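Okay, upload.cif is below, mmCIF, N, CA and C atoms:
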data_structure
loop_
_atom_site.label_atom_id
_atom_site.label_comp_id
_atom_site.auth_asym_id
_atom_site.auth_seq_id
_atom_site.Cartn_x
_atom_site.Cartn_y
_atom_site.Cartn_z
N MET P 1 47.00 3.38 -29.40
CA MET P 1 46.48 3.57 -28.06
C MET P 1 47.30 2.69 -27.13
N ASN P 2 47.85 3.30 -26.07
CA ASN P 2 48.62 2.50 -25.12
C ASN P 2 47.68 1.85 -24.11
N SER P 3 48.23 1.02 -23.22
CA SER P 3 47.39 0.27 -22.29
C SER P 3 46.67 1.17 -21.30
N GLU P 4 47.27 2.30 -20.92
CA GLU P 4 46.60 3.22 -19.99
C GLU P 4 45.40 3.89 -20.67
N GLU P 5 45.57 4.32 -21.94
CA GLU P 5 44.45 4.91 -22.67
C GLU P 5 43.33 3.89 -22.89
N PHE P 6 43.72 2.65 -23.21
CA PHE P 6 42.73 1.60 -23.43
C PHE P 6 41.94 1.33 -22.15
N SER P 7 42.65 1.27 -21.01
CA SER P 7 41.98 1.03 -19.73
C SER P 7 41.01 2.15 -19.41
N MET P 8 41.41 3.41 -19.67
CA MET P 8 40.54 4.56 -19.40
C MET P 8 39.32 4.53 -20.32
N ALA P 9 39.49 4.19 -21.58
CA ALA P 9 38.37 4.10 -22.52
C ALA P 9 37.40 2.99 -22.12
N ALA P 10 37.93 1.88 -21.67
CA ALA P 10 37.08 0.76 -21.25
C ALA P 10 36.26 1.14 -20.02
N LYS P 11 36.87 1.84 -19.07
CA LYS P 11 36.15 2.27 -17.87
C LYS P 11 35.05 3.25 -18.23
N THR P 12 35.34 4.18 -19.13
CA THR P 12 34.36 5.17 -19.54
C THR P 12 33.19 4.50 -20.24
N ARG P 13 33.48 3.54 -21.13
CA ARG P 13 32.45 2.85 -21.86
C ARG P 13 31.55 2.06 -20.92
N CYS P 14 32.13 1.43 -19.89
CA CYS P 14 31.34 0.65 -18.94
C CYS P 14 30.51 1.54 -18.03
N ALA P 15 31.00 2.74 -17.75
CA ALA P 15 30.29 3.62 -16.82
C ALA P 15 29.09 4.30 -17.46
N MET P 16 29.08 4.41 -18.80
CA MET P 16 28.00 5.10 -19.48
C MET P 16 26.98 4.08 -19.96
N PRO P 17 25.74 4.16 -19.45
CA PRO P 17 24.73 3.19 -19.88
C PRO P 17 24.32 3.42 -21.33
N SER P 18 24.12 2.32 -22.02
CA SER P 18 23.64 2.42 -23.40
C SER P 18 22.13 2.59 -23.38
N SER P 19 21.58 3.00 -24.52
CA SER P 19 20.13 3.15 -24.58
C SER P 19 19.44 1.80 -24.41
N LYS P 20 20.09 0.72 -24.85
CA LYS P 20 19.52 -0.62 -24.68
C LYS P 20 19.45 -1.00 -23.20
N SER P 21 20.53 -0.72 -22.46
CA SER P 21 20.51 -1.09 -21.04
C SER P 21 19.53 -0.21 -20.26
N THR P 22 19.38 1.06 -20.66
CA THR P 22 18.41 1.94 -20.02
C THR P 22 17.00 1.46 -20.29
N ALA P 23 16.70 1.08 -21.52
CA ALA P 23 15.37 0.56 -21.86
C ALA P 23 15.09 -0.74 -21.12
N LEU P 24 16.10 -1.61 -21.04
CA LEU P 24 15.94 -2.87 -20.33
C LEU P 24 15.67 -2.63 -18.84
N ALA P 25 16.39 -1.70 -18.24
CA ALA P 25 16.17 -1.38 -16.83
C ALA P 25 14.76 -0.83 -16.61
N GLY P 26 14.29 0.01 -17.52
CA GLY P 26 12.93 0.55 -17.43
C GLY P 26 11.89 -0.55 -17.54
N LEU P 27 12.09 -1.47 -18.46
CA LEU P 27 11.17 -2.59 -18.65
C LEU P 27 11.13 -3.48 -17.41
N ILE P 28 12.29 -3.75 -16.83
CA ILE P 28 12.35 -4.58 -15.62
C ILE P 28 11.63 -3.90 -14.47
N ALA P 29 11.84 -2.59 -14.30
CA ALA P 29 11.15 -1.85 -13.23
C ALA P 29 9.64 -1.91 -13.42
N PHE P 30 9.17 -1.74 -14.65
CA PHE P 30 7.74 -1.79 -14.94
C PHE P 30 7.18 -3.17 -14.60
N LEU P 31 7.87 -4.23 -15.01
CA LEU P 31 7.40 -5.59 -14.76
C LEU P 31 7.37 -5.91 -13.26
N VAL P 32 8.35 -5.40 -12.52
CA VAL P 32 8.37 -5.62 -11.07
C VAL P 32 7.16 -4.96 -10.43
N ILE P 33 6.84 -3.75 -10.84
CA ILE P 33 5.69 -3.03 -10.28
C ILE P 33 4.40 -3.77 -10.61
N VAL P 34 4.24 -4.18 -11.86
CA VAL P 34 3.02 -4.89 -12.26
C VAL P 34 2.91 -6.22 -11.53
N ALA P 35 4.01 -6.97 -11.46
CA ALA P 35 3.99 -8.28 -10.82
C ALA P 35 3.76 -8.18 -9.32
N SER P 36 4.14 -7.06 -8.70
CA SER P 36 3.99 -6.95 -7.25
C SER P 36 2.56 -6.65 -6.85
N GLY P 37 1.69 -6.36 -7.79
CA GLY P 37 0.30 -6.10 -7.46
C GLY P 37 0.06 -4.68 -7.00
N CYS P 38 1.04 -3.83 -7.13
CA CYS P 38 0.88 -2.44 -6.73
C CYS P 38 0.28 -1.66 -7.89
N GLY P 39 -0.91 -2.04 -8.28
CA GLY P 39 -1.56 -1.41 -9.42
C GLY P 39 -2.26 -0.12 -9.06
N GLY P 40 -1.86 0.51 -7.97
CA GLY P 40 -2.47 1.76 -7.60
C GLY P 40 -3.52 1.59 -6.53
N SER P 41 -4.24 2.67 -6.30
CA SER P 41 -5.24 2.66 -5.25
C SER P 41 -6.30 3.70 -5.53
N TYR P 42 -7.35 3.66 -4.73
CA TYR P 42 -8.37 4.70 -4.76
C TYR P 42 -8.70 5.00 -3.30
N ASP P 43 -9.26 6.17 -3.04
CA ASP P 43 -9.60 6.56 -1.68
C ASP P 43 -11.06 6.29 -1.38
N GLU P 44 -11.32 5.80 -0.19
CA GLU P 44 -12.67 5.66 0.35
C GLU P 44 -12.76 6.58 1.56
N THR P 45 -13.86 7.27 1.73
CA THR P 45 -14.04 8.11 2.90
C THR P 45 -14.80 7.31 3.96
N ILE P 46 -14.14 7.14 5.10
CA ILE P 46 -14.71 6.39 6.22
C ILE P 46 -14.67 7.30 7.44
N ALA P 47 -15.82 7.60 8.00
CA ALA P 47 -15.92 8.49 9.17
C ALA P 47 -15.22 9.83 8.90
N GLY P 48 -15.35 10.33 7.67
CA GLY P 48 -14.77 11.61 7.31
C GLY P 48 -13.29 11.59 7.00
N VAL P 49 -12.68 10.41 6.93
CA VAL P 49 -11.25 10.28 6.68
C VAL P 49 -11.03 9.56 5.35
N ALA P 50 -10.19 10.14 4.49
CA ALA P 50 -9.84 9.50 3.22
C ALA P 50 -8.84 8.38 3.50
N VAL P 51 -9.22 7.15 3.16
CA VAL P 51 -8.39 5.97 3.42
C VAL P 51 -8.09 5.31 2.08
N PRO P 52 -6.81 5.02 1.80
CA PRO P 52 -6.48 4.36 0.53
C PRO P 52 -6.89 2.89 0.55
N VAL P 53 -7.35 2.42 -0.60
CA VAL P 53 -7.72 1.02 -0.77
C VAL P 53 -7.01 0.52 -2.02
N PRO P 54 -6.31 -0.63 -1.95
CA PRO P 54 -5.66 -1.16 -3.16
C PRO P 54 -6.70 -1.43 -4.25
N LYS P 55 -6.35 -1.13 -5.50
CA LYS P 55 -7.30 -1.32 -6.61
C LYS P 55 -7.79 -2.74 -6.76
N GLY P 56 -7.06 -3.71 -6.26
CA GLY P 56 -7.47 -5.10 -6.36
C GLY P 56 -8.59 -5.47 -5.39
N MET P 57 -8.99 -4.53 -4.55
CA MET P 57 -10.03 -4.80 -3.55
C MET P 57 -11.26 -3.94 -3.87
N THR P 58 -12.46 -4.55 -3.77
CA THR P 58 -13.70 -3.82 -4.03
C THR P 58 -14.58 -3.85 -2.79
N ARG P 59 -15.38 -2.81 -2.63
CA ARG P 59 -16.26 -2.72 -1.47
C ARG P 59 -17.22 -3.90 -1.47
N SER P 60 -17.37 -4.52 -0.30
CA SER P 60 -18.29 -5.65 -0.20
C SER P 60 -19.72 -5.13 -0.23
N SER P 61 -20.65 -6.04 -0.34
CA SER P 61 -22.05 -5.65 -0.45
C SER P 61 -22.62 -5.14 0.87
N GLU P 62 -21.89 -5.38 1.96
CA GLU P 62 -22.36 -4.90 3.25
C GLU P 62 -22.33 -3.37 3.29
N LYS P 63 -23.33 -2.80 3.90
CA LYS P 63 -23.41 -1.35 4.02
C LYS P 63 -22.39 -0.88 5.07
N PRO P 64 -21.60 0.16 4.77
CA PRO P 64 -20.63 0.64 5.75
C PRO P 64 -21.36 1.22 6.97
N ALA P 65 -20.73 1.09 8.13
CA ALA P 65 -21.33 1.58 9.37
C ALA P 65 -20.57 2.81 9.85
N GLU P 66 -21.29 3.83 10.31
CA GLU P 66 -20.68 5.02 10.88
C GLU P 66 -21.50 5.49 12.06
N ILE P 67 -20.80 6.06 13.05
CA ILE P 67 -21.46 6.59 14.23
C ILE P 67 -20.73 7.85 14.68
N SER P 68 -21.46 8.81 15.18
CA SER P 68 -20.88 10.02 15.74
C SER P 68 -21.68 10.36 16.99
N LEU P 69 -20.99 10.44 18.13
CA LEU P 69 -21.67 10.66 19.40
C LEU P 69 -20.76 11.44 20.35
N LEU P 70 -21.22 12.56 20.82
CA LEU P 70 -20.51 13.36 21.82
C LEU P 70 -19.05 13.62 21.45
N GLY P 71 -18.82 14.02 20.23
CA GLY P 71 -17.47 14.36 19.79
C GLY P 71 -16.60 13.19 19.38
N PHE P 72 -17.15 11.99 19.42
CA PHE P 72 -16.40 10.80 19.01
C PHE P 72 -17.05 10.24 17.75
N GLY P 73 -16.24 9.93 16.75
CA GLY P 73 -16.77 9.38 15.52
C GLY P 73 -16.06 8.09 15.16
N ALA P 74 -16.77 7.20 14.50
CA ALA P 74 -16.18 5.93 14.08
C ALA P 74 -16.90 5.44 12.83
N GLY P 75 -16.20 4.67 12.03
CA GLY P 75 -16.79 4.09 10.84
C GLY P 75 -16.03 2.84 10.44
N GLN P 76 -16.71 1.95 9.73
CA GLN P 76 -16.10 0.71 9.30
C GLN P 76 -16.60 0.37 7.91
N ALA P 77 -15.70 -0.10 7.05
CA ALA P 77 -16.07 -0.55 5.71
C ALA P 77 -15.28 -1.82 5.40
N SER P 78 -15.90 -2.73 4.64
CA SER P 78 -15.27 -4.00 4.27
C SER P 78 -15.09 -4.08 2.77
N PHE P 79 -14.04 -4.76 2.36
CA PHE P 79 -13.69 -4.92 0.95
C PHE P 79 -13.29 -6.37 0.73
N GLN P 80 -13.40 -6.82 -0.50
CA GLN P 80 -12.99 -8.18 -0.82
C GLN P 80 -12.28 -8.20 -2.17
N GLY P 81 -11.49 -9.24 -2.36
CA GLY P 81 -10.75 -9.38 -3.61
C GLY P 81 -9.90 -10.63 -3.57
N THR P 82 -8.93 -10.67 -4.47
CA THR P 82 -8.07 -11.86 -4.55
C THR P 82 -6.61 -11.53 -4.25
N MET P 83 -6.33 -10.31 -3.80
CA MET P 83 -4.94 -9.94 -3.47
C MET P 83 -4.44 -10.79 -2.30
N GLU P 84 -3.16 -11.08 -2.32
CA GLU P 84 -2.56 -11.82 -1.22
C GLU P 84 -2.41 -10.89 -0.01
N THR P 85 -2.53 -11.47 1.16
CA THR P 85 -2.40 -10.72 2.42
C THR P 85 -1.10 -9.93 2.46
N ASP P 86 0.02 -10.57 2.08
CA ASP P 86 1.32 -9.90 2.14
C ASP P 86 1.36 -8.66 1.25
N LYS P 87 0.73 -8.70 0.09
CA LYS P 87 0.72 -7.55 -0.82
C LYS P 87 -0.09 -6.41 -0.23
N ILE P 88 -1.19 -6.73 0.46
CA ILE P 88 -2.00 -5.69 1.09
C ILE P 88 -1.23 -5.06 2.25
N VAL P 89 -0.59 -5.89 3.05
CA VAL P 89 0.21 -5.37 4.17
C VAL P 89 1.32 -4.47 3.64
N ASP P 90 2.04 -4.92 2.61
CA ASP P 90 3.10 -4.10 2.01
C ASP P 90 2.54 -2.78 1.50
N PHE P 91 1.36 -2.82 0.86
CA PHE P 91 0.72 -1.61 0.35
C PHE P 91 0.53 -0.60 1.48
N TYR P 92 -0.07 -1.03 2.60
CA TYR P 92 -0.34 -0.11 3.70
C TYR P 92 0.94 0.33 4.42
N LYS P 93 1.94 -0.53 4.50
CA LYS P 93 3.20 -0.14 5.14
C LYS P 93 3.90 0.96 4.36
N LYS P 94 3.68 1.03 3.05
CA LYS P 94 4.26 2.09 2.23
C LYS P 94 3.35 3.31 2.16
N GLU P 95 2.07 3.07 1.97
CA GLU P 95 1.11 4.16 1.70
C GLU P 95 0.81 5.02 2.92
N MET P 96 0.60 4.40 4.08
CA MET P 96 0.17 5.17 5.25
C MET P 96 1.25 6.14 5.75
N PRO P 97 2.51 5.72 5.92
CA PRO P 97 3.52 6.70 6.33
C PRO P 97 3.69 7.82 5.29
N ALA P 98 3.53 7.49 4.01
CA ALA P 98 3.64 8.52 2.97
C ALA P 98 2.53 9.56 3.10
N ARG P 99 1.42 9.20 3.73
CA ARG P 99 0.30 10.13 3.94
C ARG P 99 0.32 10.75 5.34
N GLY P 100 1.41 10.55 6.07
CA GLY P 100 1.56 11.18 7.37
C GLY P 100 1.01 10.39 8.55
N TRP P 101 0.65 9.11 8.35
CA TRP P 101 0.13 8.28 9.43
C TRP P 101 1.29 7.59 10.12
N GLN P 102 1.19 7.45 11.46
CA GLN P 102 2.23 6.78 12.24
C GLN P 102 1.80 5.36 12.56
N ALA P 103 2.68 4.40 12.32
CA ALA P 103 2.39 3.00 12.61
C ALA P 103 2.36 2.78 14.12
N ASN P 104 1.32 2.07 14.61
CA ASN P 104 1.20 1.77 16.04
C ASN P 104 1.23 0.28 16.32
N MET P 105 0.82 -0.54 15.34
CA MET P 105 0.75 -1.98 15.57
C MET P 105 0.89 -2.72 14.24
N ASN P 106 1.55 -3.88 14.31
CA ASN P 106 1.68 -4.77 13.17
C ASN P 106 1.65 -6.19 13.70
N LEU P 107 0.50 -6.83 13.62
CA LEU P 107 0.32 -8.18 14.13
C LEU P 107 0.06 -9.12 12.97
N ARG P 108 0.88 -10.17 12.87
CA ARG P 108 0.72 -11.14 11.78
C ARG P 108 0.56 -12.52 12.36
N SER P 109 -0.51 -13.19 11.96
CA SER P 109 -0.74 -14.58 12.36
C SER P 109 -1.83 -15.13 11.46
N GLY P 110 -1.44 -15.68 10.33
CA GLY P 110 -2.41 -16.13 9.33
C GLY P 110 -2.91 -14.95 8.52
N GLY P 111 -3.58 -14.03 9.16
CA GLY P 111 -4.02 -12.78 8.54
C GLY P 111 -3.10 -11.66 9.01
N ALA P 112 -3.66 -10.47 9.13
CA ALA P 112 -2.85 -9.34 9.60
C ALA P 112 -3.75 -8.31 10.25
N MET P 113 -3.19 -7.59 11.22
CA MET P 113 -3.86 -6.46 11.85
C MET P 113 -2.82 -5.35 11.97
N LEU P 114 -3.13 -4.22 11.36
CA LEU P 114 -2.26 -3.05 11.41
C LEU P 114 -3.02 -1.91 12.05
N ALA P 115 -2.31 -1.00 12.71
CA ALA P 115 -2.94 0.19 13.27
C ALA P 115 -2.06 1.40 12.99
N TYR P 116 -2.71 2.50 12.61
CA TYR P 116 -2.03 3.76 12.33
C TYR P 116 -2.80 4.89 13.00
N SER P 117 -2.09 5.97 13.36
CA SER P 117 -2.76 7.12 13.96
C SER P 117 -2.28 8.41 13.31
N LYS P 118 -3.21 9.40 13.32
CA LYS P 118 -2.91 10.71 12.75
C LYS P 118 -4.01 11.68 13.19
N GLU P 119 -3.61 12.84 13.70
CA GLU P 119 -4.53 13.92 14.02
C GLU P 119 -5.74 13.47 14.85
N GLY P 120 -5.51 12.70 15.90
CA GLY P 120 -6.59 12.27 16.78
C GLY P 120 -7.44 11.13 16.25
N LYS P 121 -7.05 10.56 15.12
CA LYS P 121 -7.79 9.43 14.53
C LYS P 121 -6.92 8.18 14.56
N THR P 122 -7.56 7.05 14.67
CA THR P 122 -6.88 5.76 14.58
C THR P 122 -7.52 4.95 13.47
N LEU P 123 -6.68 4.34 12.65
CA LEU P 123 -7.14 3.46 11.57
C LEU P 123 -6.69 2.05 11.89
N LEU P 124 -7.65 1.12 11.98
CA LEU P 124 -7.35 -0.29 12.16
C LEU P 124 -7.57 -0.99 10.82
N ILE P 125 -6.59 -1.77 10.39
CA ILE P 125 -6.64 -2.48 9.12
C ILE P 125 -6.58 -3.97 9.43
N GLY P 126 -7.63 -4.69 9.09
CA GLY P 126 -7.65 -6.13 9.28
C GLY P 126 -7.70 -6.83 7.94
N VAL P 127 -6.86 -7.86 7.77
CA VAL P 127 -6.82 -8.62 6.52
C VAL P 127 -6.88 -10.10 6.85
N GLY P 128 -7.75 -10.83 6.15
CA GLY P 128 -7.87 -12.26 6.36
C GLY P 128 -8.48 -12.94 5.15
N LYS P 129 -8.60 -14.25 5.22
CA LYS P 129 -9.19 -15.04 4.14
C LYS P 129 -10.52 -15.61 4.60
N GLN P 130 -11.48 -15.62 3.68
CA GLN P 130 -12.79 -16.22 3.96
C GLN P 130 -13.39 -16.72 2.66
N ASP P 131 -13.77 -17.96 2.61
CA ASP P 131 -14.37 -18.57 1.42
C ASP P 131 -13.52 -18.35 0.16
N GLY P 132 -12.20 -18.47 0.30
CA GLY P 132 -11.30 -18.33 -0.83
C GLY P 132 -11.04 -16.89 -1.27
N LYS P 133 -11.61 -15.92 -0.58
CA LYS P 133 -11.41 -14.51 -0.92
C LYS P 133 -10.61 -13.83 0.19
N THR P 134 -9.95 -12.75 -0.18
CA THR P 134 -9.28 -11.93 0.80
C THR P 134 -10.26 -10.87 1.28
N ILE P 135 -10.36 -10.72 2.58
CA ILE P 135 -11.26 -9.74 3.18
C ILE P 135 -10.42 -8.65 3.83
N LEU P 136 -10.75 -7.40 3.53
CA LEU P 136 -10.06 -6.24 4.09
C LEU P 136 -11.09 -5.44 4.89
N SER P 137 -10.81 -5.21 6.16
CA SER P 137 -11.70 -4.43 7.01
C SER P 137 -10.95 -3.17 7.45
N LEU P 138 -11.57 -2.01 7.20
CA LEU P 138 -10.98 -0.73 7.59
C LEU P 138 -11.88 -0.06 8.61
N THR P 139 -11.35 0.25 9.77
CA THR P 139 -12.10 0.89 10.83
C THR P 139 -11.39 2.17 11.25
N VAL P 140 -12.10 3.27 11.23
CA VAL P 140 -11.56 4.57 11.64
C VAL P 140 -12.30 5.01 12.89
N ALA P 141 -11.57 5.46 13.90
CA ALA P 141 -12.20 5.95 15.12
C ALA P 141 -11.38 7.11 15.67
N GLY P 142 -12.04 7.99 16.37
CA GLY P 142 -11.35 9.10 17.02
C GLY P 142 -12.27 10.26 17.24
N THR P 143 -11.68 11.37 17.63
CA THR P 143 -12.48 12.56 17.88
C THR P 143 -13.06 13.09 16.60
N ALA P 144 -14.32 13.44 16.61
CA ALA P 144 -15.00 13.95 15.41
C ALA P 144 -14.46 15.33 15.08
N ARG P 145 -14.50 15.68 13.81
CA ARG P 145 -14.02 16.98 13.35
C ARG P 145 -15.00 18.06 13.70
#
Could you show the structure in this file as structure tokens?
Amino acid sequence: MNSEEFSMAAKTRCAMPSSKSTALAGLIAFLVIVASGCGGSYDETIAGVAVPVPKGMTRSSEKPAEISLLGFGAGQASFQGTMETDKIVDFYKKEMPARGWQANMNLRSGGAMLAYSKEGKTLLIGVGKQDGKTILSLTVAGTAR
């Protein structure tokens, strides 16, 4: 084998991933997802709107509030957990646009306040800390269906 053939063989060998490197890349991707706290979500219906909630957050014992008056509807639900504020914000920044919601506000100062709109509805997302727990408040308002 001359030097040109050797160089071509070396390039080909480097360009083709081995099964070990593919398995390692898959394992790293899995660990990054698990470590980032993106363990999925579930939907809660608030004022007739399906809103995603990170699995690390559970509905608080407070009863959700909803109102519908003269074509205007609104609802609010609270959740608590141990997720970090940044992970919740990242979750909503990815999840809401994927569901067709448009970002309107992103305010960060200790906690966070996000706002999204879609089809005449506005979703306000508030995240903060209270008594060592993370509190998530979801408020939906807009024209009733």
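Of the listed residues P:Gly126, P:Gly56, P:Gly120, P:Gly142, the one whose atoms come nearest to Gln80 (chain P) is P:Gly56, with distances taken using all atoms listed in the file.
Counting only N, CA and C atoms, the residue from P:Ile67, P:Ile135, P:Leu114, P:Val53 that sits nearest to Gly81 (chain P) is P:Ile135.
For the choices P:Leu107, P:Leu136, P:Ile46, P:Val127, the atom-to-atom distance to Ala74 (chain P) is smallest for P:Ile46 when using all atoms listed in the file.
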Nearest to Gly111 (chain P) by atom-to-atom distance, counting all atoms listed in the file, from P:Asp86, P:Leu138, P:Leu124, P:Lys94
P:Asp86
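These are the residues of region 51-101 of chain P assigned helix (DSSP H, G or I) by DSSP from backbone coordinates: Thr85, Asp86, Lys87, Ile88, Val89, Asp90, Phe91, Tyr92, Lys93, Lys94, Glu95, Met96, Pro97 and Ala98 of chain P.
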Could you jot down the CA of Asp43 (chain P) to CA of Gly128 (chain P) separation for me, Å, one decimal place?
20.5 Å
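Going from atom C of Asn104 (chain P) over to CA of Pro54 (chain P), you cover 20.7 Å.
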